[in-house]
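Listing of data.txt; format and content: compact mmCIF, C-alpha atoms.
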```txt
# COMPACT_ATOMS: atom_id res chain seq x y z
CA MET A 1 1.66 23.23 21.08
CA GLY A 2 -0.54 26.25 20.26
CA ALA A 3 -1.03 25.11 16.69
CA ARG A 4 -2.05 21.68 17.78
CA ARG A 5 -4.52 23.19 20.24
CA ARG A 6 -6.16 25.31 17.54
CA ALA A 7 -6.39 22.32 15.20
CA GLY A 8 -8.03 20.31 17.96
CA ILE A 9 -10.61 23.01 18.56
CA ALA A 10 -11.36 23.31 14.86
CA GLY A 11 -11.79 19.55 14.58
CA TRP A 12 -14.13 19.51 17.56
CA LEU A 13 -16.23 22.33 16.12
CA GLY A 14 -16.49 20.54 12.79
CA LEU A 15 -17.71 17.39 14.53
CA ALA A 16 -20.22 19.31 16.63
CA LEU A 17 -21.61 21.18 13.65
CA GLY A 18 -21.90 17.92 11.74
CA VAL A 19 -23.95 16.36 14.56
CA ILE A 20 -26.22 19.41 14.80
CA SER A 21 -26.88 19.57 11.06
CA ALA A 22 -27.72 15.88 10.95
CA GLY A 23 -30.47 16.22 13.58
CA PRO A 24 -34.21 16.43 12.77
CA LEU A 25 -35.77 19.78 11.98
CA PRO A 26 -38.23 21.10 14.59
CA ALA A 27 -41.89 20.30 14.01
CA VAL A 28 -43.95 22.97 12.26
CA THR A 29 -47.49 23.71 13.44
CA ARG A 30 -49.78 23.93 10.42
CA THR A 31 -53.25 25.37 11.00
CA TRP A 32 -56.12 24.76 8.58
CA THR A 33 -57.50 27.94 7.01
CA GLY A 34 -59.59 26.41 4.20
CA ALA A 35 -58.94 29.60 2.26
CA VAL A 36 -58.91 27.94 -1.19
CA ASP A 37 -61.17 24.86 -1.01
CA GLY A 38 -61.76 21.80 1.17
CA ASP A 39 -58.85 19.70 -0.10
CA TRP A 40 -56.29 18.67 2.54
CA PHE A 41 -53.64 18.48 -0.18
CA THR A 42 -53.98 22.10 -1.38
CA PRO A 43 -51.04 24.10 0.07
CA GLY A 44 -53.02 27.36 0.22
CA ASN A 45 -55.46 25.83 2.73
CA TRP A 46 -52.77 25.83 5.43
CA SER A 47 -50.87 28.40 7.48
CA PRO A 48 -47.92 28.35 6.89
CA ALA A 49 -48.88 27.58 3.28
CA GLN A 50 -47.71 24.02 2.76
CA VAL A 51 -49.38 20.62 2.94
CA PRO A 52 -48.47 19.03 6.32
CA ASP A 53 -45.28 17.01 6.19
CA GLY A 54 -43.95 14.24 8.41
CA GLY A 55 -43.37 15.47 11.98
CA ASP A 56 -45.71 18.47 11.67
CA ALA A 57 -48.38 19.34 14.22
CA VAL A 58 -51.79 19.85 12.55
CA VAL A 59 -54.57 22.00 14.01
CA PHE A 60 -58.22 22.42 12.96
CA ASN A 61 -60.15 25.09 14.85
CA GLY A 62 -63.24 25.82 12.73
CA ALA A 63 -61.77 28.11 10.10
CA GLY A 64 -62.64 28.05 6.39
CA ALA A 65 -64.12 25.32 4.23
CA ALA A 66 -64.76 21.86 5.67
CA PRO A 67 -61.55 19.80 5.24
CA VAL A 68 -61.60 16.62 3.15
CA LEU A 69 -58.85 13.97 3.45
CA SER A 70 -58.67 11.75 0.35
CA GLY A 71 -55.35 9.92 0.83
CA ALA A 72 -52.88 8.71 3.43
CA THR A 73 -51.00 11.37 5.41
CA PRO A 74 -47.32 11.21 6.34
CA SER A 75 -46.55 10.45 9.99
CA LEU A 76 -47.60 13.65 11.75
CA ALA A 77 -46.46 14.60 15.24
CA SER A 78 -50.05 15.37 16.22
CA LEU A 79 -53.51 16.27 14.99
CA THR A 80 -55.92 18.30 17.12
CA ILE A 81 -59.43 19.19 15.97
CA SER A 82 -62.14 21.30 17.56
CA SER A 83 -65.30 22.98 16.22
CA GLN A 84 -64.81 21.41 12.78
CA THR A 85 -65.57 18.25 10.74
CA LEU A 86 -62.81 16.35 8.95
CA ILE A 87 -64.26 14.16 6.17
CA PHE A 88 -62.45 10.95 5.18
CA THR A 89 -62.92 9.70 1.60
CA ASN A 90 -61.67 6.52 -0.11
CA TRP A 91 -61.03 3.15 1.50
CA THR A 92 -57.22 3.54 1.43
CA THR A 93 -57.19 6.91 3.24
CA ILE A 94 -55.37 6.74 6.59
CA LEU A 95 -54.59 9.47 9.10
CA ASN A 96 -51.10 8.74 10.49
CA ALA A 97 -50.03 10.65 13.60
CA THR A 98 -48.33 10.09 16.94
CA ASN A 99 -51.10 11.82 18.92
CA VAL A 100 -54.68 12.35 17.71
CA THR A 101 -57.03 14.47 19.84
CA LEU A 102 -60.68 15.28 19.15
CA GLN A 103 -61.73 18.16 21.39
CA SER A 104 -65.29 19.41 21.97
CA GLY A 105 -66.94 20.06 18.62
CA GLY A 106 -64.31 18.06 16.75
CA VAL A 107 -65.81 15.55 14.30
CA PHE A 108 -64.48 12.83 11.99
CA SER A 109 -67.04 11.86 9.35
CA LEU A 110 -67.62 10.27 5.92
CA PRO A 111 -69.36 11.17 2.66
CA PRO A 112 -72.92 9.89 2.07
CA ALA A 113 -73.75 6.21 1.53
CA PHE A 114 -72.36 4.51 -1.58
CA THR A 115 -73.64 1.81 -3.92
CA ALA A 116 -71.94 -1.55 -4.45
CA SER A 117 -70.37 -0.27 -7.69
CA GLN A 118 -68.89 2.90 -6.15
CA MET A 119 -65.70 3.54 -4.18
CA SER A 120 -66.38 2.83 -0.52
CA ASN A 121 -65.16 4.99 2.36
CA ARG A 122 -63.99 4.49 5.92
CA ILE A 123 -62.49 6.43 8.82
CA ALA A 124 -59.04 4.94 9.47
CA VAL A 125 -56.48 6.21 11.99
CA SER A 126 -53.02 4.82 12.80
CA CYS A 127 -51.41 6.44 15.83
CA THR A 128 -49.71 6.00 19.20
CA ASP A 129 -52.32 7.68 21.42
CA PHE A 130 -55.92 8.53 20.48
CA THR A 131 -58.13 10.78 22.62
CA MET A 132 -61.77 11.79 22.27
CA GLU A 133 -62.80 14.46 24.75
CA PRO A 134 -66.43 15.06 25.82
CA GLY A 135 -68.43 16.68 23.02
CA SER A 136 -66.41 15.10 20.19
CA VAL A 137 -67.93 12.72 17.62
CA ILE A 138 -66.88 10.13 15.07
CA GLN A 139 -69.94 10.20 12.81
CA ALA A 140 -70.46 7.20 10.53
CA ASP A 141 -74.24 6.75 10.85
CA GLU A 142 -75.80 5.79 7.48
CA ARG A 143 -72.39 6.20 5.76
CA GLY A 144 -72.11 2.60 4.57
CA TYR A 145 -73.95 0.92 1.69
CA TYR A 146 -76.91 2.64 0.00
CA PRO A 147 -80.29 0.81 0.05
CA TRP A 148 -80.31 -2.40 -2.03
CA SER A 149 -76.48 -2.51 -1.85
CA GLY A 150 -74.03 -4.65 0.10
CA PRO A 151 -73.72 -8.37 0.82
CA GLY A 152 -76.40 -8.30 3.51
CA SER A 153 -79.11 -6.51 1.55
CA THR A 154 -82.18 -8.22 0.07
CA GLY A 155 -82.29 -5.53 -2.63
CA GLY A 156 -85.40 -4.52 -4.55
CA SER A 157 -88.20 -7.01 -4.82
CA GLY A 158 -91.84 -7.38 -5.78
CA ASP A 159 -92.47 -8.70 -2.26
CA TRP A 160 -93.61 -6.13 0.28
CA TYR A 161 -92.21 -5.79 3.80
CA GLN A 162 -88.61 -6.90 3.19
CA PRO A 163 -86.48 -8.24 6.08
CA GLY A 164 -83.85 -5.94 7.51
CA ALA A 165 -80.31 -5.83 6.18
CA SER A 166 -77.75 -8.18 7.75
CA HIS A 167 -74.13 -7.59 8.84
CA GLY A 168 -72.84 -8.77 12.21
CA GLY A 169 -76.34 -10.08 12.93
CA ILE A 170 -79.14 -11.37 10.72
CA GLY A 171 -81.63 -8.74 9.61
CA GLY A 172 -85.03 -8.70 11.31
CA ARG A 173 -87.89 -10.75 9.93
CA GLY A 174 -90.12 -9.29 7.21
CA TYR A 175 -93.80 -8.73 7.99
CA THR A 176 -95.44 -10.45 5.00
CA ALA A 177 -93.15 -13.34 4.08
CA GLN A 178 -92.02 -13.80 7.70
CA THR A 179 -88.49 -14.52 6.43
CA TRP A 180 -85.29 -13.39 8.12
CA GLY A 181 -82.50 -11.43 6.45
CA LYS A 182 -79.48 -12.78 4.58
CA PRO A 183 -76.57 -14.56 6.34
CA THR A 184 -74.11 -12.45 8.31
CA TYR A 185 -70.78 -11.36 6.82
CA GLY A 186 -67.45 -10.03 8.05
CA SER A 187 -65.48 -10.93 11.18
CA ALA A 188 -66.94 -10.81 14.68
CA SER A 189 -63.47 -10.41 16.26
CA ALA A 190 -62.05 -7.93 13.72
CA PRO A 191 -65.01 -6.08 12.14
CA VAL A 192 -63.86 -3.73 9.36
CA LEU A 193 -66.68 -3.67 6.78
CA PRO A 194 -69.57 -1.24 6.22
CA GLY A 195 -73.16 -2.19 6.92
CA SER A 196 -75.52 -3.12 4.08
CA GLY A 197 -78.47 -1.03 2.95
CA GLY A 198 -82.04 -2.13 3.54
CA GLY A 199 -84.20 -3.85 0.95
CA SER A 200 -87.60 -2.65 -0.18
CA TYR A 201 -90.44 -3.01 -2.65
CA GLY A 202 -88.89 -2.73 -6.11
CA ASP A 203 -89.25 0.88 -7.21
CA ALA A 204 -87.00 3.93 -6.89
CA ALA A 205 -89.18 5.74 -4.35
CA ARG A 206 -89.21 2.72 -2.03
CA GLN A 207 -85.47 2.23 -2.49
CA ALA A 208 -84.76 5.75 -1.24
CA ALA A 209 -87.03 5.10 1.75
CA ALA A 210 -85.00 2.10 2.94
CA GLY A 211 -82.30 2.55 5.57
CA ARG A 212 -78.67 3.08 4.64
CA GLY A 213 -75.97 0.92 6.19
CA GLY A 214 -73.61 2.19 8.88
CA GLY A 215 -70.05 3.15 7.95
CA ALA A 216 -66.70 1.65 8.96
CA VAL A 217 -64.34 3.05 11.63
CA GLN A 218 -60.89 1.63 12.37
CA ILE A 219 -58.48 2.97 15.01
CA SER A 220 -55.07 1.30 15.40
CA ALA A 221 -53.10 2.67 18.36
CA ALA A 222 -49.79 1.43 19.76
CA GLY A 223 -50.49 3.12 23.08
CA THR A 224 -53.68 4.41 24.73
CA VAL A 225 -57.17 4.99 23.35
CA THR A 226 -59.41 7.18 25.51
CA ILE A 227 -63.08 7.54 24.53
CA SER A 228 -65.07 10.27 26.28
CA GLY A 229 -66.97 11.28 23.14
CA LEU A 230 -69.33 9.44 20.77
CA ILE A 231 -68.42 6.90 18.07
CA THR A 232 -71.51 6.02 16.08
CA ALA A 233 -71.91 3.83 12.99
CA ARG A 234 -75.55 2.76 13.16
CA GLY A 235 -77.75 1.81 10.24
CA GLY A 236 -80.52 4.12 9.10
CA ASP A 237 -84.22 3.69 9.78
CA ALA A 238 -86.68 3.02 6.96
CA THR A 239 -89.16 5.80 6.33
CA ASP A 240 -92.14 3.82 5.05
CA ASN A 241 -93.73 0.44 5.66
CA LEU A 242 -92.52 -1.17 2.42
CA SER A 243 -88.83 -0.68 3.18
CA ALA A 244 -86.34 -2.20 5.63
CA GLY A 245 -83.75 -0.71 7.97
CA GLY A 246 -80.02 -0.64 7.20
CA ALA A 247 -77.46 -2.79 9.00
CA GLY A 248 -75.09 -1.32 11.54
CA GLY A 249 -71.53 -0.65 10.42
CA SER A 250 -68.30 -1.50 12.26
CA VAL A 251 -65.99 0.02 14.87
CA TYR A 252 -62.67 -1.79 15.25
CA ILE A 253 -60.21 -0.48 17.85
CA THR A 254 -56.83 -2.02 18.68
CA CYS A 255 -54.58 -0.56 21.38
CA ALA A 256 -52.38 -1.38 24.38
CA THR A 257 -54.62 0.45 26.89
CA PHE A 258 -58.29 1.38 26.57
CA GLY A 259 -60.14 3.84 28.77
CA GLY A 260 -62.69 6.62 28.85
CA SER A 261 -65.40 8.22 30.95
CA ALA A 262 -69.16 8.09 31.52
CA SER A 263 -69.69 10.39 28.53
CA GLY A 264 -68.04 7.90 26.16
CA LEU A 265 -70.29 5.81 23.92
CA ILE A 266 -69.77 3.43 20.97
CA ARG A 267 -72.80 2.21 19.01
CA VAL A 268 -73.28 0.21 15.80
CA ASP A 269 -76.90 -0.94 16.00
CA GLY A 270 -79.06 -1.56 12.94
CA GLY A 271 -81.87 0.69 11.75
CA ASN A 272 -85.56 0.06 12.32
CA ALA A 273 -88.34 -0.74 9.89
CA THR A 274 -91.36 1.54 9.93
CA VAL A 275 -94.85 0.04 10.09
CA LEU A 276 -97.52 2.57 9.13
```
Before anything else, please render the file you have as structure tokens.
Amino acid sequence: MGARRRAGIAGWLGLALGVISAGPLPAVTRTWTGAVDGDWFTPGNWSPAQVPDGGDAVVFNGAGAAPVLSGATPSLASLTISSQTLIFTNWTTILNATNVTLQSGGVFSLPPAFTASQMSNRIAVSCTDFTMEPGSVIQADERGYYPWSGPGSTGGSGDWYQPGASHGGIGGRGYTAQTWGKPTYGSASAPVLPGSGGGSYGDAARQAAAGRGGGAVQISAAGTVTISGLITARGGDATDNLSAGGAGGSVYITCATFGGSASGLIRVDGGNATVL
């Protein structure tokens, strides 16, 4: 009887230990230090010193070099950012996390405008819940196509006063030729593309004076998106009277529930021409 009882206890303990060892490891909080460089995928930039793994909680609080994310992350438990700018590079880069929170001073941004022959960039997030608190920003102004680039740009020309760049709407009419911009492009119901750069008189100085297109922002949330900060992807203004403004970019949000507050704002308007 006693022997059977001891065997039963041992068997129960073995089963219990097996269940415990098969369970998930607790999430690790990894805080950005930026001690080595700005690369997300450098282990020495994190405390504890390891690139965030699936299930980790990631925190940015203003320390060290500005972080740059150049590829897709594993599925994080959470990401919280304050007093710092996280830069997204490459079109295929995606931040994957259950909960994403931008606190005051927290910024998601992009590198400068790109030409049609360069790798394009976007801010892309896949999550369950996404929250922007007052004072947070998703900054994609002038982070789309460079002047003369993109499907809605009129490019460089010998004609003065080019029409504005097109995207979701047709670019504004040029002053001299009185012609409107190129046809629109992209989807009105699922906008995911960057804005085109403005056209100008055909020399390098005028090209640089044209407006850059707005960048692309995409947020895919299975749960709730709350916007009490600023999401901005507007096109840039021209800086002389022979150049046109850039087209606005795109902000595409999908979620089960959408909310926010009076401080929340989303804007993707095109840039203005300058008449001197």
Exercise: A:Ala188 partners within 12 Å, all atoms listed in the file, chain neighbours under 6 positions left out, as number ranges by chain: A: 167-169, 249-252
ask   = Quick one: of A:Gln103, A:Gln118, A:Thr85, A:Thr254, who's nearest to A:Pro67, counting all atoms listed in the file?
value =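 Closest to A:Pro67, using all atoms listed in the file: A:Thr85.
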**OP:** Counting only C-alpha atoms, write as a ChimeraX atom specification all protein and nucleic acid residues lying at most 6 Å from (-76.5, -0.3, 6.9) in the file's frame.
**Re:** /A:144-145,195-197,212-214,235,246-248
Restricting to only C-alpha atoms, whichever of A:Asn61, A:Thr257, A:Thr73, A:Thr92 is closest to A:Gly106 is A:Asn61
**Prompt:** Given the choices A:Gly215, A:Gly152, A:Gly62, A:Pro43, which gets closest to A:Pro194 if the distance is worked out from all atoms listed in the file?
**Reply:**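 Nearest candidate to A:Pro194 out of A:Gly215, A:Gly152, A:Gly62, A:Pro43: A:Gly215.
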* To do: Mind giving me the straight-line distance from atom CA of A:Ile266 to atom CA of A:Met132 in Å, one decimal?
  =>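 Distance reported for this atom pair: 11.6 Å.
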Two-atom distance - atom CA of A:Gln50, atom CA of A:Thr89 (Å):
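Value for the atom CA of A:Gln50-atom CA of A:Thr89 distance: 20.9 Å.
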query: Which residue gives the smallest distance to A:Arg206 among A:Asp159, A:Gly105, A:Thr224, A:Gly54, with only C-alpha atoms counted?
result: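 The shortest atom-to-atom distance to A:Arg206 comes from A:Asp159.
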So that I can see what lies close to A:Thr98, please list as a ChimeraX atom specification the residues with an atom at most 9 Å from it, counting all atoms listed in the file and leaving out residues fewer than 4 positions away in the same chain.
/A:55,75-79,126-130,221
Could you work out an axis-aligned box for stretch 110-116 of chain A, taking every atom the file lists and adding 6 Å on each side, and report centre and edge lengths in Å to one decimal, as lines of an AutoDock Vina configuration file?
```
center_x = -70.7
center_y = 4.8
center_z = 0.7
size_x = 18.1
size_y = 24.7
size_z = 22.4
```
TODO: Identify which of the residues A:Gly270, A:Val217, A:Gly198, A:Ser263 lies closest to A:Ser243, counting all atoms listed in the file when measuring atom-to-atom distances.
DONE: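 Among the listed residues, the smallest separation from A:Ser243 belongs to A:Gly198.
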*Computed interatomic separation between atom CA of A:Thr239 and atom CA of A:Lys182 (Å)*: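 Separating atom CA of A:Thr239 from atom CA of A:Lys182 is a distance of 21.0 Å.
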